[in-house]
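Here's target-v1.cif, which has mmCIF, C-alpha atoms:
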data_data
#
loop_
_atom_site.label_atom_id
_atom_site.label_comp_id
_atom_site.auth_asym_id
_atom_site.auth_seq_id
_atom_site.Cartn_x
_atom_site.Cartn_y
_atom_site.Cartn_z
CA MET A 1180 17.73 22.82 -107.36
CA GLU A 1181 15.60 20.33 -105.42
CA SER A 1182 16.97 16.99 -104.29
CA ASP A 1183 15.12 13.75 -104.91
CA LEU A 1184 14.36 13.57 -101.19
CA SER A 1185 12.33 16.77 -101.31
CA LYS A 1186 10.23 15.32 -104.11
CA LYS A 1187 9.18 12.39 -101.93
CA ASP A 1188 5.59 11.30 -102.52
CA LEU A 1189 3.53 12.63 -99.64
CA SER A 1190 0.19 11.14 -100.59
CA PHE A 1191 -1.89 10.04 -97.64
CA HIS A 1192 -5.34 8.68 -97.00
CA TYR A 1193 -6.89 11.54 -95.04
CA ALA A 1194 -9.29 10.55 -92.26
CA GLY A 1195 -12.91 11.44 -92.91
CA PHE A 1196 -15.57 12.99 -90.72
CA LYS A 1197 -17.14 9.73 -89.51
CA LYS A 1198 -13.91 8.15 -88.25
CA ARG A 1199 -12.78 11.39 -86.63
CA LEU A 1200 -16.17 11.84 -84.94
CA ILE A 1201 -16.10 8.30 -83.53
CA ALA A 1202 -12.53 8.86 -82.29
CA PHE A 1203 -13.62 12.12 -80.65
CA LEU A 1204 -16.56 10.42 -78.92
CA ILE A 1205 -14.24 7.70 -77.58
CA ASP A 1206 -11.78 10.34 -76.33
CA ILE A 1207 -14.46 12.45 -74.69
CA SER A 1208 -15.91 9.35 -73.01
CA ILE A 1209 -12.46 8.62 -71.58
CA CYS A 1210 -12.18 12.23 -70.34
CA ILE A 1211 -15.60 12.04 -68.69
CA GLY A 1212 -14.62 8.72 -67.09
CA LEU A 1213 -11.41 10.24 -65.73
CA ALA A 1214 -13.31 13.23 -64.34
CA TRP A 1215 -15.84 10.87 -62.76
CA LEU A 1216 -13.03 8.89 -61.10
CA ILE A 1217 -11.55 12.10 -59.67
CA TRP A 1218 -14.65 14.09 -58.71
CA GLY A 1219 -17.27 11.37 -58.35
CA ALA A 1220 -20.90 11.07 -59.30
CA ASP A 1221 -21.47 14.83 -59.58
CA ILE A 1222 -19.91 14.72 -63.06
CA VAL A 1223 -22.74 12.69 -64.62
CA THR A 1224 -26.30 13.11 -63.40
CA THR A 1225 -29.45 11.46 -64.67
CA SER A 1226 -32.89 12.94 -64.91
CA GLY A 1227 -35.90 11.24 -66.40
CA SER A 1228 -34.87 9.56 -69.64
CA GLY A 1229 -31.55 11.38 -70.13
CA PHE A 1230 -28.31 12.33 -68.52
CA GLN A 1231 -26.26 15.47 -68.11
CA ILE A 1232 -22.50 15.94 -67.98
CA ASN A 1233 -21.43 18.59 -65.49
CA MET A 1234 -17.78 19.54 -65.99
CA HIS A 1235 -16.77 22.98 -64.75
CA ASN A 1236 -13.59 24.99 -64.11
CA GLU A 1237 -10.69 22.69 -63.20
CA GLN A 1238 -12.62 19.69 -64.48
CA MET A 1239 -12.33 21.11 -68.00
CA LEU A 1240 -8.56 20.68 -67.74
CA ILE A 1241 -9.02 16.92 -68.12
CA PRO A 1242 -9.77 17.01 -71.89
CA VAL A 1243 -7.22 19.78 -72.49
CA LEU A 1244 -4.43 17.85 -70.76
CA TYR A 1245 -5.58 14.55 -72.27
CA PHE A 1246 -5.36 15.80 -75.85
CA LEU A 1247 -2.18 17.82 -75.29
CA LEU A 1248 -0.32 14.90 -73.72
CA PHE A 1249 -1.46 12.22 -76.15
CA TRP A 1250 -0.99 14.36 -79.26
CA SER A 1251 2.45 15.67 -78.24
CA ILE A 1252 3.80 12.28 -77.10
CA PHE A 1253 2.13 9.83 -79.49
CA SER A 1254 0.78 11.97 -82.38
CA THR A 1255 -2.57 10.33 -81.75
CA SER A 1256 -5.15 9.87 -79.01
CA ILE A 1257 -6.66 6.65 -77.70
CA GLY A 1258 -9.75 7.14 -79.87
CA LYS A 1259 -7.69 7.90 -82.98
CA TYR A 1260 -5.35 4.99 -82.22
CA LEU A 1261 -8.27 2.54 -81.93
CA LEU A 1262 -9.50 3.69 -85.35
CA GLY A 1263 -6.05 3.56 -86.94
CA LEU A 1264 -5.57 7.33 -87.22
CA SER A 1265 -2.49 9.50 -86.68
CA ILE A 1266 -1.79 13.21 -86.64
CA ILE A 1267 1.09 14.31 -88.85
CA ASP A 1268 2.63 17.55 -90.03
CA LYS A 1269 2.65 18.67 -93.67
CA GLN A 1270 5.81 16.65 -94.32
CA GLY A 1271 4.31 13.44 -92.94
CA GLN A 1272 6.28 13.56 -89.67
CA LYS A 1273 5.17 13.25 -86.03
CA ILE A 1274 3.83 16.59 -84.81
CA THR A 1275 5.80 18.75 -82.39
CA TYR A 1276 4.83 19.83 -78.89
CA TRP A 1277 4.04 23.34 -80.23
CA GLN A 1278 1.78 21.96 -82.94
CA SER A 1279 0.04 19.87 -80.27
CA LEU A 1280 -0.42 22.93 -78.08
CA ILE A 1281 -1.82 25.07 -80.90
CA ARG A 1282 -4.06 22.22 -82.02
CA THR A 1283 -5.31 21.58 -78.46
CA LEU A 1284 -6.10 25.24 -77.78
CA ALA A 1285 -7.88 25.69 -81.12
CA TYR A 1286 -9.70 22.36 -80.63
CA SER A 1287 -10.86 23.42 -77.17
CA LEU A 1288 -11.99 26.89 -78.18
CA LEU A 1289 -13.17 26.45 -81.75
CA LEU A 1290 -14.64 22.96 -81.99
CA ALA A 1291 -17.12 24.31 -84.52
CA GLY A 1292 -14.22 24.47 -87.00
CA VAL A 1293 -14.50 20.74 -87.65
CA TRP A 1294 -17.10 21.42 -90.34
CA LEU A 1295 -14.37 22.90 -92.51
CA MET A 1296 -13.23 19.33 -93.24
CA LEU A 1297 -16.34 18.72 -95.31
CA PHE A 1298 -15.18 21.21 -97.92
CA ASN A 1299 -11.58 20.19 -98.75
CA LYS A 1300 -9.93 17.03 -100.04
CA GLU A 1301 -7.33 16.85 -97.23
CA LYS A 1302 -10.14 16.91 -94.64
CA ILE A 1303 -8.50 19.83 -92.81
CA THR A 1304 -10.31 21.29 -89.81
CA PHE A 1305 -9.70 24.75 -88.38
CA HIS A 1306 -7.39 23.38 -85.67
CA ASP A 1307 -5.47 21.41 -88.35
CA LEU A 1308 -5.11 24.60 -90.37
CA LEU A 1309 -3.77 26.62 -87.42
CA ALA A 1310 -1.32 23.90 -86.34
CA SER A 1311 -0.26 22.82 -89.88
CA THR A 1312 -1.35 19.24 -89.18
CA ARG A 1313 -3.33 16.52 -90.94
CA VAL A 1314 -5.15 13.42 -89.64
CA VAL A 1315 -4.43 10.33 -91.71
CA SER A 1316 -5.35 6.65 -91.70
CA ASN A 1317 -2.46 4.35 -90.83
CA ASN A 1318 -3.72 1.59 -93.12
#
Whole structure, C-alpha cells version:
Amino acid sequence: MESDLSKKDLSFHYAGFKKRLIAFLIDISICIGLAWLIWGADIVTTSGSGFQINMHNEQMLIPVLYFLLFWSIFSTSIGKYLLGLSIIDKQGQKITYWQSLIRTLAYSLLLAGVWLMLFNKEKITFHDLLASTRVVSNN
C-alpha cells in the first residue's frame, strides 16, 4: 500500500533545448576563460576573420572538473543558474555526487546525445538518461 507521500505530484517544467544550449555556451565560455587565465593566449588564437580554441590534454580537465564540481555541489552550473535551471533526480531531489559523475562523463564523451531531448516530453538527453536526472526550470 502506497502512502500519500509517495503519490506526491512530481510535475515539473522541463528545460528546453534553447535554454540548455545558452546555458552550455555560457559554461563553456567560462571554462575557456579559466583555461586562458591558467595557460595564457595559446588557448584562443585568431586567424583572418575567425578564432580557434586550442584545448588539449590537461586543459580538457577544466570543463570536466567545472561541471562535476558545480553539478555535485549545487545541482546546477553557472550557465544553468543564470537561466533559472536546476538538475534534479527522478524524485525531484538534488542530484548525488555519483549522478554528477555519471552525467559529467557521459556529457564529456557523448555530447551528441543532446539531440535525444527533441524527441521526448521530459527533454531527457543521453547523459540525463544514464544518470537518472532531469533539467527543470526553477520558475
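Evaluated on this file, the PyMOL selection byres ((chain A and resi 1302) around 8) matches Tyr1193, Ala1194, Gly1195, Phe1196, Leu1295, Met1296, Leu1297, Phe1298, Asn1299, Lys1300, Glu1301, Ile1303, Thr1304, Arg1313 and Val1314 of chain A.
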Exercise: A:Tyr1286 partners within 12 Å, only C-alpha atoms, chain neighbours under 4 positions left out, as an mmCIF file with C-alpha atoms, in the frame of the given file:
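Final file, part15.cif:
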data_model
loop_
_atom_site.group_PDB
_atom_site.id
_atom_site.type_symbol
_atom_site.label_atom_id
_atom_site.label_comp_id
_atom_site.auth_asym_id
_atom_site.auth_seq_id
_atom_site.Cartn_x
_atom_site.Cartn_y
_atom_site.Cartn_z
ATOM 1 C CA PHE A 1203 -13.620 12.120 -80.650
ATOM 2 C CA PRO A 1242 -9.770 17.010 -71.890
ATOM 3 C CA VAL A 1243 -7.220 19.780 -72.490
ATOM 4 C CA PHE A 1246 -5.360 15.800 -75.850
ATOM 5 C CA LEU A 1247 -2.180 17.820 -75.290
ATOM 6 C CA TRP A 1250 -0.990 14.360 -79.260
ATOM 7 C CA GLN A 1278 1.780 21.960 -82.940
ATOM 8 C CA SER A 1279 0.040 19.870 -80.270
ATOM 9 C CA LEU A 1280 -0.420 22.930 -78.080
ATOM 10 C CA ILE A 1281 -1.820 25.070 -80.900
ATOM 11 C CA ARG A 1282 -4.060 22.220 -82.020
ATOM 12 C CA LEU A 1290 -14.640 22.960 -81.990
ATOM 13 C CA ALA A 1291 -17.120 24.310 -84.520
ATOM 14 C CA GLY A 1292 -14.220 24.470 -87.000
ATOM 15 C CA VAL A 1293 -14.500 20.740 -87.650
ATOM 16 C CA THR A 1304 -10.310 21.290 -89.810
ATOM 17 C CA PHE A 1305 -9.700 24.750 -88.380
ATOM 18 C CA HIS A 1306 -7.390 23.380 -85.670
ATOM 19 C CA ASP A 1307 -5.470 21.410 -88.350
ATOM 20 C CA LEU A 1308 -5.110 24.600 -90.370
ATOM 21 C CA LEU A 1309 -3.770 26.620 -87.420
ATOM 22 C CA ALA A 1310 -1.320 23.900 -86.340
#
Original post:
What is the distance between atom CA of A:Gln1272 and atom CA of A:Lys1259, in Å to one decimal?
Top reply: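 The value is 16.5 Å.
Going from atom CA of A:Thr1255 to atom CA of A:Ile1267 covers 8.9 Å.
The neighbours of A:Lys1198 here are the residues that come within 10 Å of it, using only C-alpha atoms and leaving out any residue fewer than 5 positions away in the same chain; they are Phe1203, Leu1204, Gly1258, Lys1259, Leu1262, Gly1263, Leu1264 and Ser1316 of chain A.
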Subject >> Point-to-point distance in Å for atom CA of A:Gly1219 and atom CA of A:Met1239 >> reply: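 Separation of atom CA of A:Met1239 and atom CA of A:Gly1219: 14.6 Å.
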**OP:** Excluding A:Ile1241 and residues on its chain fewer than 2 positions from it, collect all residues at most 8 Å away from it, counting all atoms listed in the file, and give them as a ChimeraX atom specification.
**Re:** /A:1210,1213-1214,1237-1239,1243-1245
**OP:** Have a look at A:Gly1229, A:Ile1217, A:Asp1268, A:Ser1311 and name the one nearest to A:Ala1285; count only C-alpha atoms.
**Re:**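 For A:Ala1285, the nearest of the given residues is A:Ser1311.
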Original post:
With all atoms listed in the file as the atoms that count, which of A:Gly1212, A:Asn1317, A:Thr1312, A:Leu1200 lies nearest to A:Gln1270?
Top reply: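 Checking each candidate against A:Gln1270, we get A:Thr1312 as the closest.
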Original post:
Using all atoms listed in the file, which of the listed residues (A:Leu1216, A:Gly1271, A:Phe1249, A:Ser1208) sits closest to A:Ile1232?
Top reply: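 When distances to A:Ile1232 are compared using all atoms listed in the file, the smallest one comes from A:Ser1208.
In terms of minimum interatomic distance to A:Asp1206, A:Ser1256 ranks closest within A:Ser1256, A:Thr1225, A:Ser1251, A:Thr1283, counting all atoms listed in the file.
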Enclosing box along x, y and z for every listed atom of stretch 1238-1243 of chain A, padded 6 Å each side, centre and size in Å, one decimal, as AutoDock Vina command-line options:
--center_x -9.9 --center_y 19.0 --center_z -68.5 --size_x 17.4 --size_y 16.2 --size_z 20.0
So that I can look at just that part, could you write stretch 1302-1316 of chain A with C-alpha atoms, as a JSON list (two decimals), in the first residue's frame?
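Generated file (selection_13.json):
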[["chain", "number", "residue", "atom", "x", "y", "z"],
["A", 1302, "LYS", "CA", 13.52, 16.76, -22.59],
["A", 1303, "ILE", "CA", 15.87, 13.96, -21.49],
["A", 1304, "THR", "CA", 19.32, 13.82, -23.08],
["A", 1305, "PHE", "CA", 21.54, 10.75, -23.17],
["A", 1306, "HIS", "CA", 23.53, 11.92, -20.14],
["A", 1307, "ASP", "CA", 20.25, 12.57, -18.27],
["A", 1308, "LEU", "CA", 19.12, 9.06, -19.13],
["A", 1309, "LEU", "CA", 22.34, 7.43, -17.89],
["A", 1310, "ALA", "CA", 22.41, 9.45, -14.64],
["A", 1311, "SER", "CA", 18.62, 9.34, -13.97],
["A", 1312, "THR", "CA", 18.46, 13.14, -13.93],
["A", 1313, "ARG", "CA", 16.26, 15.88, -15.38],
["A", 1314, "VAL", "CA", 16.88, 19.58, -16.04],
["A", 1315, "VAL", "CA", 14.00, 21.77, -14.90],
["A", 1316, "SER", "CA", 13.14, 25.47, -14.78]]
